[in-house]
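Visitor: Quick one, upload-v3.pdb (PDB, C-alpha atoms, pLDDT in the B column):
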ATOM      1  CA  MET A  29     -28.840 -87.215-189.293  1.00 71.00           C
ATOM      2  CA  ASP A  30     -31.518 -85.375-187.275  1.00 75.00           C
ATOM      3  CA  PHE A  31     -30.572 -82.285-185.281  1.00 74.00           C
ATOM      4  CA  GLU A  32     -30.770 -83.913-181.823  1.00 73.00           C
ATOM      5  CA  THR A  33     -28.417 -86.707-182.926  1.00 78.00           C
ATOM      6  CA  LEU A  34     -26.101 -84.169-184.526  1.00 76.00           C
ATOM      7  CA  ARG A  35     -25.998 -82.104-181.338  1.00 73.00           C
ATOM      8  CA  SER A  36     -25.205 -85.211-179.267  1.00 73.00           C
ATOM      9  CA  GLN A  37     -22.402 -86.049-181.702  1.00 75.00           C
ATOM     10  CA  CYS A  38     -21.009 -82.533-181.318  1.00 75.00           C
ATOM     11  CA  GLU A  39     -21.125 -82.826-177.524  1.00 72.00           C
ATOM     12  CA  LEU A  40     -19.212 -86.126-177.612  1.00 74.00           C
ATOM     13  CA  TYR A  41     -16.844 -84.580-180.172  1.00 74.00           C
ATOM     14  CA  LEU A  42     -15.935 -81.826-177.693  1.00 73.00           C
ATOM     15  CA  LEU A  43     -15.459 -84.483-174.998  1.00 68.00           C
ATOM     16  CA  ASN A  44     -13.072 -86.464-177.271  1.00 69.00           C
ATOM     17  CA  ALA A  45     -15.388 -89.472-176.992  1.00 67.00           C
ATOM     18  CA  LEU A  46     -16.164 -90.093-180.683  1.00 68.00           C
ATOM     19  CA  GLU A  47     -14.716 -92.801-182.894  1.00 75.00           C
ATOM     20  CA  LEU A  48     -12.409 -91.612-185.666  1.00 80.00           C
ATOM     21  CA  ASN A  49     -14.962 -92.031-188.461  1.00 81.00           C
ATOM     22  CA  GLU A  50     -17.593 -90.133-186.452  1.00 82.00           C
ATOM     23  CA  ARG A  51     -15.149 -87.287-185.740  1.00 81.00           C
ATOM     24  CA  GLU A  52     -14.318 -87.089-189.435  1.00 83.00           C
ATOM     25  CA  GLU A  53     -18.018 -86.809-190.288  1.00 84.00           C
ATOM     26  CA  VAL A  54     -18.470 -83.916-187.829  1.00 80.00           C
ATOM     27  CA  ASP A  55     -15.326 -82.255-189.200  1.00 83.00           C
ATOM     28  CA  ARG A  56     -16.683 -82.622-192.729  1.00 81.00           C
ATOM     29  CA  LEU A  57     -20.007 -80.986-191.828  1.00 80.00           C
ATOM     30  CA  ILE A  58     -18.293 -78.102-190.014  1.00 76.00           C
ATOM     31  CA  ALA A  59     -15.856 -77.572-192.894  1.00 79.00           C
ATOM     32  CA  ALA A  60     -18.808 -77.477-195.305  1.00 75.00           C
ATOM     33  CA  ALA A  61     -20.444 -74.784-193.124  1.00 74.00           C
ATOM     34  CA  ASP A  62     -23.543 -76.927-192.719  1.00 79.00           C
ATOM     35  CA  PRO A  63     -26.006 -74.621-190.849  1.00 77.00           C
ATOM     36  CA  ASP A  64     -27.376 -77.400-188.620  1.00 81.00           C
ATOM     37  CA  ALA A  65     -23.860 -78.570-187.779  1.00 79.00           C
ATOM     38  CA  LEU A  66     -22.716 -75.036-186.922  1.00 78.00           C
ATOM     39  CA  ARG A  67     -25.761 -74.452-184.689  1.00 80.00           C
ATOM     40  CA  ALA A  68     -25.370 -77.885-183.042  1.00 77.00           C
ATOM     41  CA  MET A  69     -21.677 -77.234-182.345  1.00 79.00           C
ATOM     42  CA  ALA A  70     -22.447 -73.794-180.868  1.00 78.00           C
ATOM     43  CA  GLU A  71     -25.085 -75.255-178.521  1.00 75.00           C
ATOM     44  CA  ALA A  72     -22.772 -78.144-177.642  1.00 71.00           C
ATOM     45  CA  ARG A  73     -20.004 -75.703-176.674  1.00 75.00           C
ATOM     46  CA  ASP A  74     -22.407 -73.834-174.378  1.00 67.00           C
ATOM     47  CA  LEU A  75     -23.507 -77.025-172.628  1.00 64.00           C
ATOM     48  CA  VAL A  76     -19.989 -78.430-172.289  1.00 59.00           C
ATOM     49  CA  ALA A  77     -18.882 -75.069-170.841  1.00 60.00           C
ATOM     50  CA  GLN A  78     -21.643 -75.316-168.204  1.00 55.00           C
ATOM     51  CA  LEU A  79     -20.698 -78.926-167.515  1.00 51.00           C
ATOM     52  CA  SER A  80     -17.090 -77.878-166.870  1.00 50.00           C
ATOM     53  CA  PHE A  81     -18.279 -75.771-163.894  1.00 46.00           C
ATOM     54  CA  ALA A  82     -20.463 -78.602-162.502  1.00 44.00           C
ATOM     55  CA  ALA A  83     -18.119 -81.568-162.909  1.00 44.00           C
ATOM     56  CA  GLU A  84     -15.398 -82.651-160.486  1.00 46.00           C
ATOM     57  CA  PRO A  85     -11.829 -82.182-161.813  1.00 46.00           C
ATOM     58  CA  ALA A  86     -10.540 -85.331-163.521  1.00 45.00           C
ATOM     59  CA  ALA A  87      -7.035 -86.294-164.695  1.00 45.00           C
ATOM     60  CA  PRO A  88      -6.793 -86.245-168.500  1.00 44.00           C
ATOM     61  CA  PRO A  89      -6.295 -89.541-170.348  1.00 49.00           C
ATOM     62  CA  ALA A  90      -2.794 -88.360-171.388  1.00 55.00           C
ATOM     63  CA  LEU A  91      -1.643 -88.973-167.803  1.00 52.00           C
ATOM     64  CA  LEU A  92      -2.774 -92.578-168.049  1.00 47.00           C
ATOM     65  CA  ARG A  93      -0.862 -93.034-171.275  1.00 51.00           C
ATOM     66  CA  SER A  94       2.239 -91.473-169.689  1.00 56.00           C
ATOM     67  CA  GLU A  95       1.907 -93.817-166.708  1.00 53.00           C
ATOM     68  CA  LEU A  96       1.588 -96.775-169.071  1.00 47.00           C
ATOM     69  CA  LEU A  97       4.770 -95.832-170.956  1.00 52.00           C
ATOM     70  CA  ASN A  98       6.687 -95.289-167.726  1.00 59.00           C
ATOM     71  CA  ARG A  99       5.649 -98.711-166.414  1.00 55.00           C
ATOM     72  CA  ILE A 100       6.638-100.420-169.660  1.00 52.00           C
ATOM     73  CA  ARG A 101      10.045 -98.676-169.592  1.00 60.00           C
ATOM     74  CA  ALA A 102      10.536 -99.641-165.937  1.00 60.00           C
ATOM     75  CA  GLU A 103       9.806-103.284-166.701  1.00 54.00           C
ATOM     76  CA  ALA A 104      11.679-103.435-170.014  1.00 54.00           C
ATOM     77  CA  PRO A 105      14.183-106.328-170.362  1.00 57.00           C
ATOM     78  CA  PRO A 106      17.742-105.711-169.139  1.00 60.00           C
ATOM     79  CA  ALA A 107      20.647-105.237-171.512  1.00 54.00           C
ATOM     80  CA  PRO A 108      21.799-108.473-173.206  1.00 55.00           C
ATOM     81  CA  ALA A 109      24.196-110.545-171.080  1.00 53.00           C
ATOM     82  CA  PRO A 110      27.287-112.267-172.480  1.00 52.00           C
ATOM     83  CA  ALA A 111      26.527-114.987-174.961  1.00 51.00           C
ATOM     84  CA  ARG A 112      27.501-117.751-172.509  1.00 55.00           C
ATOM     85  CA  GLN A 113      23.832-118.533-171.712  1.00 51.00           C
ATOM     86  CA  PRO A 114      21.870-117.332-174.771  1.00 49.00           C
ATOM     87  CA  SER A 115      18.924-119.679-174.380  1.00 50.00           C
ATOM     88  CA  ARG A 116      18.193-118.676-170.736  1.00 52.00           C
ATOM     89  CA  LEU A 117      18.630-114.959-171.519  1.00 48.00           C
ATOM     90  CA  LEU A 118      16.314-115.129-174.524  1.00 49.00           C
ATOM     91  CA  ALA A 119      13.695-116.967-172.514  1.00 51.00           C
ATOM     92  CA  PHE A 120      13.873-114.398-169.699  1.00 49.00           C
ATOM     93  CA  THR A 121      13.734-111.507-172.150  1.00 59.00           C
ATOM     94  CA  GLY A 122      10.727-113.008-173.890  1.00 56.00           C
ATOM     95  CA  TRP A 123       8.826-113.415-170.645  1.00 56.00           C
ATOM     96  CA  ALA A 124       9.684-109.841-169.585  1.00 61.00           C
ATOM     97  CA  VAL A 125       8.458-108.408-172.875  1.00 60.00           C
ATOM     98  CA  ALA A 126       5.302-110.507-172.709  1.00 60.00           C
ATOM     99  CA  ALA A 127       4.636-109.355-169.152  1.00 60.00           C
ATOM    100  CA  ALA A 128       5.168-105.716-170.128  1.00 62.00           C
ATOM    101  CA  LEU A 129       2.854-106.082-173.129  1.00 62.00           C
ATOM    102  CA  LEU A 130       0.171-107.755-171.018  1.00 57.00           C
ATOM    103  CA  LEU A 131       0.425-104.942-168.477  1.00 59.00           C
ATOM    104  CA  GLY A 132       0.174-102.381-171.270  1.00 63.00           C
ATOM    105  CA  VAL A 133      -2.846-104.061-172.835  1.00 62.00           C
ATOM    106  CA  GLY A 134      -4.536-104.276-169.448  1.00 65.00           C
ATOM    107  CA  LEU A 135      -3.955-100.584-168.755  1.00 62.00           C
ATOM    108  CA  LEU A 136      -5.160 -99.641-172.232  1.00 63.00           C
ATOM    109  CA  TYR A 137      -8.394-101.595-171.773  1.00 60.00           C
ATOM    110  CA  SER A 138      -8.832-100.064-168.315  1.00 63.00           C
ATOM    111  CA  GLU A 139      -8.294 -96.582-169.757  1.00 62.00           C
ATOM    112  CA  ARG A 140     -10.712 -97.265-172.605  1.00 59.00           C
ATOM    113  CA  GLY A 141     -13.376 -98.465-170.174  1.00 66.00           C
ATOM    114  CA  SER A 142     -12.852 -95.390-168.011  1.00 65.00           C
ATOM    115  CA  LEU A 143     -13.195 -93.137-171.044  1.00 63.00           C
ATOM    116  CA  TYR A 144     -16.456 -94.791-172.108  1.00 61.00           C
ATOM    117  CA  ARG A 145     -17.864 -94.537-168.584  1.00 68.00           C
ATOM    118  CA  ALA A 146     -16.809 -90.893-168.352  1.00 68.00           C
ATOM    119  CA  ALA A 147     -18.396 -90.186-171.735  1.00 68.00           C
ATOM    120  CA  GLY A 148     -21.631 -91.852-170.592  1.00 71.00           C
ATOM    121  CA  ASP A 149     -21.688 -89.851-167.369  1.00 74.00           C
ATOM    122  CA  ALA A 150     -20.967 -86.661-169.291  1.00 73.00           C
ATOM    123  CA  GLN A 151     -23.784 -87.398-171.753  1.00 75.00           C
ATOM    124  CA  GLN A 152     -26.236 -87.916-168.879  1.00 78.00           C
ATOM    125  CA  GLU A 153     -25.127 -84.637-167.288  1.00 75.00           C
ATOM    126  CA  LEU A 154     -25.493 -82.829-170.609  1.00 78.00           C
ATOM    127  CA  THR A 155     -28.998 -84.237-171.013  1.00 78.00           C
ATOM    128  CA  ARG A 156     -29.900 -83.062-167.499  1.00 75.00           C
ATOM    129  CA  LEU A 157     -28.506 -79.597-168.187  1.00 78.00           C
ATOM    130  CA  ARG A 158     -30.359 -79.431-171.493  1.00 79.00           C
ATOM    131  CA  ASP A 159     -33.637 -80.286-169.748  1.00 77.00           C
ATOM    132  CA  GLU A 160     -33.007 -77.671-167.055  1.00 78.00           C
ATOM    133  CA  ILE A 161     -32.246 -75.021-169.662  1.00 81.00           C
ATOM    134  CA  ARG A 162     -35.405 -75.934-171.586  1.00 80.00           C
ATOM    135  CA  VAL A 163     -37.505 -75.512-168.408  1.00 79.00           C
ATOM    136  CA  GLN A 164     -35.821 -72.215-167.538  1.00 79.00           C
ATOM    137  CA  ARG A 165     -36.425 -70.851-171.029  1.00 82.00           C
ATOM    138  CA  LYS A 166     -40.097 -71.831-170.873  1.00 81.00           C
ATOM    139  CA  VAL A 167     -40.577 -70.221-167.472  1.00 82.00           C
ATOM    140  CA  LEU A 168     -38.812 -67.065-168.646  1.00 83.00           C
ATOM    141  CA  ALA A 169     -40.940 -66.914-171.800  1.00 84.00           C
ATOM    142  CA  VAL A 170     -44.150 -67.042-169.751  1.00 87.00           C
ATOM    143  CA  LEU A 171     -42.957 -64.488-167.199  1.00 84.00           C
ATOM    144  CA  MET A 172     -41.724 -62.048-169.849  1.00 85.00           C
ATOM    145  CA  ALA A 173     -44.775 -62.310-172.126  1.00 86.00           C
ATOM    146  CA  ARG A 174     -46.716 -59.064-172.582  1.00 88.00           C
ATOM    147  CA  ASP A 175     -50.011 -60.702-171.624  1.00 88.00           C
ATOM    148  CA  SER A 176     -48.613 -62.653-168.658  1.00 89.00           C
ATOM    149  CA  ARG A 177     -50.981 -62.814-165.687  1.00 90.00           C
ATOM    150  CA  THR A 178     -50.058 -63.685-162.098  1.00 91.00           C
ATOM    151  CA  ILE A 179     -52.695 -65.563-160.093  1.00 92.00           C
ATOM    152  CA  ARG A 180     -52.358 -66.292-156.381  1.00 92.00           C
ATOM    153  CA  LEU A 181     -54.100 -69.518-155.353  1.00 93.00           C
ATOM    154  CA  ALA A 182     -54.940 -69.600-151.655  1.00 90.00           C
ATOM    155  CA  THR A 183     -56.745 -71.948-149.307  1.00 88.00           C
ATOM    156  CA  GLN A 184     -59.300 -71.218-146.621  1.00 80.00           C
ATOM    157  CA  ALA A 185     -56.705 -71.888-143.914  1.00 74.00           C
ATOM    158  CA  PRO A 186     -54.496 -68.770-143.556  1.00 70.00           C
ATOM    159  CA  GLU A 187     -51.468 -70.794-142.424  1.00 77.00           C
ATOM    160  CA  ALA A 188     -51.657 -73.247-145.336  1.00 80.00           C
ATOM    161  CA  PRO A 189     -49.111 -72.864-148.145  1.00 89.00           C
ATOM    162  CA  GLN A 190     -50.202 -70.910-151.197  1.00 88.00           C
ATOM    163  CA  MET A 191     -49.439 -71.469-154.857  1.00 92.00           C
ATOM    164  CA  ARG A 192     -48.920 -69.061-157.716  1.00 92.00           C
ATOM    165  CA  ALA A 193     -49.725 -69.393-161.389  1.00 93.00           C
ATOM    166  CA  TYR A 194     -48.303 -67.432-164.320  1.00 93.00           C
ATOM    167  CA  TRP A 195     -50.373 -67.533-167.467  1.00 93.00           C
ATOM    168  CA  SER A 196     -49.679 -66.282-170.968  1.00 92.00           C
ATOM    169  CA  GLN A 197     -52.029 -67.262-173.757  1.00 87.00           C
ATOM    170  CA  PRO A 198     -49.353 -67.903-176.394  1.00 87.00           C
ATOM    171  CA  GLU A 199     -46.587 -69.129-174.058  1.00 89.00           C
ATOM    172  CA  GLY A 200     -48.381 -71.389-171.577  1.00 91.00           C
ATOM    173  CA  LEU A 201     -49.386 -71.811-167.954  1.00 93.00           C
ATOM    174  CA  ILE A 202     -46.961 -72.351-165.067  1.00 93.00           C
ATOM    175  CA  LEU A 203     -47.905 -73.351-161.520  1.00 93.00           C
ATOM    176  CA  THR A 204     -45.416 -73.067-158.644  1.00 92.00           C
ATOM    177  CA  GLY A 205     -45.553 -73.765-154.933  1.00 92.00           C
ATOM    178  CA  SER A 206     -43.619 -75.036-151.914  1.00 91.00           C
ATOM    179  CA  GLY A 207     -44.488 -76.886-148.758  1.00 91.00           C
ATOM    180  CA  ILE A 208     -47.399 -78.646-150.481  1.00 92.00           C
ATOM    181  CA  ALA A 209     -48.455 -81.942-148.936  1.00 91.00           C
ATOM    182  CA  VAL A 210     -48.093 -84.973-151.199  1.00 93.00           C
ATOM    183  CA  PRO A 211     -51.459 -86.706-151.831  1.00 93.00           C
ATOM    184  CA  PRO A 212     -51.827 -90.294-150.622  1.00 94.00           C
ATOM    185  CA  PRO A 213     -51.100 -93.173-153.028  1.00 94.00           C
ATOM    186  CA  GLY A 214     -53.653 -93.421-155.810  1.00 95.00           C
ATOM    187  CA  ARG A 215     -54.507 -89.722-155.600  1.00 96.00           C
ATOM    188  CA  THR A 216     -53.238 -86.685-157.506  1.00 96.00           C
ATOM    189  CA  LEU A 217     -53.745 -82.931-157.687  1.00 96.00           C
ATOM    190  CA  GLN A 218     -55.486 -81.462-160.731  1.00 96.00           C
ATOM    191  CA  LEU A 219     -55.414 -77.886-161.999  1.00 96.00           C
ATOM    192  CA  TRP A 220     -58.623 -76.438-163.441  1.00 96.00           C
ATOM    193  CA  VAL A 221     -59.472 -73.362-165.454  1.00 95.00           C
ATOM    194  CA  VAL A 222     -62.849 -72.157-164.193  1.00 95.00           C
ATOM    195  CA  PRO A 223     -64.583 -70.197-166.985  1.00 93.00           C
ATOM    196  CA  LYS A 224     -67.030 -67.378-166.409  1.00 92.00           C
ATOM    197  CA  GLN A 225     -69.640 -69.633-167.943  1.00 92.00           C
ATOM    198  CA  GLY A 226     -69.649 -73.412-168.230  1.00 92.00           C
ATOM    199  CA  ASN A 227     -67.840 -76.280-166.576  1.00 94.00           C
ATOM    200  CA  PRO A 228     -64.218 -76.284-165.334  1.00 95.00           C
ATOM    201  CA  ILE A 229     -61.585 -77.274-167.898  1.00 94.00           C
ATOM    202  CA  SER A 230     -58.662 -79.486-166.880  1.00 95.00           C
ATOM    203  CA  ALA A 231     -55.220 -77.882-167.260  1.00 94.00           C
ATOM    204  CA  GLY A 232     -53.152 -80.851-166.071  1.00 94.00           C
ATOM    205  CA  ILE A 233     -52.442 -83.170-163.162  1.00 95.00           C
ATOM    206  CA  PHE A 234     -49.400 -83.142-160.892  1.00 95.00           C
ATOM    207  CA  ARG A 235     -47.899 -84.412-157.640  1.00 94.00           C
ATOM    208  CA  PRO A 236     -45.553 -82.330-155.480  1.00 94.00           C
ATOM    209  CA  LEU A 237     -41.999 -83.548-155.033  1.00 92.00           C
ATOM    210  CA  SER A 238     -41.095 -85.273-151.775  1.00 90.00           C
ATOM    211  CA  ASP A 239     -39.928 -81.919-150.339  1.00 91.00           C
ATOM    212  CA  GLY A 240     -43.260 -80.268-151.221  1.00 92.00           C
ATOM    213  CA  ARG A 241     -42.098 -78.270-154.252  1.00 92.00           C
ATOM    214  CA  VAL A 242     -44.391 -77.872-157.260  1.00 93.00           C
ATOM    215  CA  LEU A 243     -43.502 -76.846-160.797  1.00 91.00           C
ATOM    216  CA  LEU A 244     -46.133 -77.594-163.422  1.00 92.00           C
ATOM    217  CA  ILE A 245     -45.631 -76.369-166.992  1.00 91.00           C
ATOM    218  CA  THR A 246     -48.761 -76.894-169.031  1.00 90.00           C
ATOM    219  CA  GLU A 247     -50.995 -75.455-171.741  1.00 85.00           C
ATOM    220  CA  SER A 248     -54.644 -74.449-171.755  1.00 83.00           C
ATOM    221  CA  ASP A 249     -56.901 -73.895-174.745  1.00 81.00           C
ATOM    222  CA  ALA A 250     -59.259 -71.831-172.626  1.00 85.00           C
ATOM    223  CA  PRO A 251     -58.908 -68.107-173.441  1.00 87.00           C
ATOM    224  CA  ILE A 252     -57.676 -66.037-170.525  1.00 90.00           C
ATOM    225  CA  ALA A 253     -60.385 -63.463-171.246  1.00 89.00           C
ATOM    226  CA  THR A 254     -63.132 -66.017-170.565  1.00 91.00           C
ATOM    227  CA  ALA A 255     -61.543 -67.444-167.379  1.00 93.00           C
ATOM    228  CA  ALA A 256     -62.833 -66.424-163.972  1.00 94.00           C
ATOM    229  CA  ALA A 257     -60.413 -68.384-161.772  1.00 95.00           C
ATOM    230  CA  LEU A 258     -57.939 -71.225-161.418  1.00 95.00           C
ATOM    231  CA  ALA A 259     -58.611 -74.030-158.966  1.00 96.00           C
ATOM    232  CA  ILE A 260     -56.838 -77.146-157.688  1.00 96.00           C
ATOM    233  CA  SER A 261     -58.625 -80.233-156.399  1.00 95.00           C
ATOM    234  CA  GLU A 262     -57.516 -83.673-155.260  1.00 96.00           C
ATOM    235  CA  GLU A 263     -58.583 -86.359-157.711  1.00 97.00           C
ATOM    236  CA  PRO A 264     -58.084 -90.081-158.398  1.00 96.00           C
ATOM    237  CA  GLU A 265     -54.793 -90.991-160.042  1.00 94.00           C
ATOM    238  CA  GLY A 266     -54.915 -90.064-163.725  1.00 93.00           C
ATOM    239  CA  GLY A 267     -57.279 -87.146-163.146  1.00 95.00           C
ATOM    240  CA  SER A 268     -61.010 -86.621-163.631  1.00 95.00           C
ATOM    241  CA  PRO A 269     -63.127 -85.114-166.411  1.00 95.00           C
ATOM    242  CA  GLN A 270     -64.677 -82.809-163.794  1.00 96.00           C
ATOM    243  CA  PRO A 271     -63.754 -82.044-160.161  1.00 95.00           C
ATOM    244  CA  THR A 272     -64.926 -84.734-157.735  1.00 95.00           C
ATOM    245  CA  THR A 273     -63.832 -82.871-154.589  1.00 95.00           C
ATOM    246  CA  THR A 274     -64.085 -79.312-153.393  1.00 93.00           C
ATOM    247  CA  PRO A 275     -61.050 -77.373-154.698  1.00 94.00           C
ATOM    248  CA  ALA A 276     -58.407 -76.912-152.011  1.00 92.00           C
ATOM    249  CA  TRP A 277     -56.829 -73.899-153.771  1.00 95.00           C
ATOM    250  CA  VAL A 278     -58.659 -71.180-155.690  1.00 95.00           C
ATOM    251  CA  GLY A 279     -57.353 -68.013-157.317  1.00 94.00           C
ATOM    252  CA  ALA A 280     -59.457 -65.407-159.091  1.00 93.00           C
ATOM    253  CA  LEU A 281     -58.102 -63.804-162.241  1.00 88.00           C
ATOM    254  CA  GLY A 282     -59.894 -60.511-161.804  1.00 68.00           C
ATOM    255  CA  GLU A 283     -60.082 -57.988-164.575  1.00 52.00           C
TER     256      GLU A 283
END
If you convert what's in this file into structure tokens, what do you get?
Guide:
Amino acid sequence: MDFETLRSQCELYLLNALELNEREEVDRLIAAADPDALRAMAEARDLVAQLSFAAEPAAPPALLRSELLNRIRAEAPPAPAPARQPSRLLAFTGWAVAAALLLGVGLLYSERGSLYRAAGDAQQELTRLRDEIRVQRKVLAVLMARDSRTIRLATQAPEAPQMRAYWSQPEGLILTGSGIAVPPPGRTLQLWVVPKQGNPISAGIFRPLSDGRVLLITESDAPIATAAALAISEEPEGGSPQPTTTPAWVGALGE
């Protein structure tokens, strides 16, 4: 079992959404002090703890089971009547028991379906949280790197929104901005590393979100020491080998 699958199993384990045989397998790995299983369970606990603050309160399945038992007791057959009409009493009792069992089965299936839907929703939320944490860790790694450089990319219009880039050679390149206009359909924005000598080198394409926010996490093989500036131009969808328009944003690295 690969680590990602193991971590997902641990997350569902903590949510009580695993089948018995799957729970036993996780228990076996934990009992054996499997290093991957211990790490996966630790990460799963962290994510489930974060999910507990984000999720709406929900009644535990035990309440459903209690409600089911109460309904079955309420609809249980009455005490046996005198033996004067045994056939009618037995028939009534049989129908009452059957009705109670059908109600119980229906509630059990409804509870099971609710549990599976809740587990699916929880898994989606855990995946979203995991992605957010991965992005936050990457951004933090770039910002905290010893060689991190901050580059302000401005336009010729003073009132136009600016963008900022944070660049660390080993950690990566991050571009942020807000209030950026979304290019028309079929067009995209492209980030370039402009070297001190030679042609610009593409560092990725991106489109702002509908509210104008930009967060691009990318890599660049170009050494920071040989870069003169970063630039952003509007290009055809999919990007271009070289800029086809005048860059709308430019930021010098300086020394």
Visitor: Could you check how far CA of Met191 in chain A sits from CA of Ala231 in chain A, in Å to one decimal?
Guide: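 For CA of Met191 in chain A relative to CA of Ala231 in chain A, the distance reads 15.1 Å.
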Visitor: Please indicate the distance in Å from CA of Arg180 in chain A to CA of Arg192 in chain A, rounded to one decimal place.
Guide: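 It comes out at 4.6 Å.
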Visitor: Report, in Å with one decimal, the straight-line distance from CA of Leu171 in chain A to CA of Leu157 in chain A.
Guide: 20.9 Å
Visitor: Could you tell me which residues the PyMOL selection byres ((chain A and resi 197) around 8) returns for this structure, as number ranges by chain?
Guide: A: 175-176, 195-196, 198-201, 248, 251-252
Visitor: Residues near Ala182 in chain A, anyone? I mean within 7 Å using all atoms listed in the file, not counting same-chain ones fewer than 3 positions away, as a PyMOL selection string.
Guide: chain A and resi 190-191+277-279
Visitor: Here's the selection I'm unsure about, the PyMOL selection byres ((chain A and resi 223-225) around 10); applied to the file above, which residues does it give, as JSON, numbers by chain?
Guide: {"A": [220, 221, 222, 226, 227, 228, 229, 250, 251, 252, 253, 254, 255, 256, 257, 258]}
Visitor: Tell me which protein, DNA and RNA residues are within 8 Å of Asp239 in chain A, counting all atoms listed in the file, leaving out same-chain ones fewer than 3 positions away, and put them as a list in words.
Guide: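 Here the answer would be Ser206, Gly207 and Pro236 of chain A.
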Visitor: Pick the closest to Arg177 in chain A from A:Leu244, A:Ser230, A:Ala280, A:Pro63: which is it, counting only C-alpha atoms?
Guide: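 Smallest separation from Arg177 in chain A among the options: A:Ala280.
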Visitor: Residues near Val167 in chain A, anyone? I mean within 10 Å using only C-alpha atoms, not counting same-chain ones fewer than 3 positions away, as number ranges by chain.
Guide: A: 161-164, 170-172, 194, 199-203, 243, 245
Visitor: Using only C-alpha atoms, determine which residues lie at most 8 Å from Glu265 in chain A, disregarding the query and same-chain residues fewer than 5 positions distant; provide the list as a list in words.
Guide: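 Residues meeting the cut-off are Gly214, Arg215 and Thr216 of chain A.
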Visitor: I'd like the residues picked by the PyMOL selection byres ((chain A and resi 66) around 12) written out as JSON, numbers by chain, using the chain letters and numbers from the file.
Guide: {"A": [31, 34, 35, 38, 54, 55, 56, 57, 58, 59, 60, 61, 62, 63, 64, 65, 67, 68, 69, 70, 71, 72, 73]}
Visitor: What residues have an atom no more than 12 Å from (-61.5, -70.6, -145.1) in the file's own frame, counting only C-alpha atoms, and can you write them as a VMD selection string?
Guide: chain A and resid 182 to 188 275 to 278
Visitor: Counting all atoms listed in the file, figure out which residue out of A:Asp159, A:Glu262, A:Glu247, A:Glu53 gets nearest to Ala209 in chain A.
Guide: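 That would be A:Glu262, the residue with the smallest distance to Ala209 in chain A.
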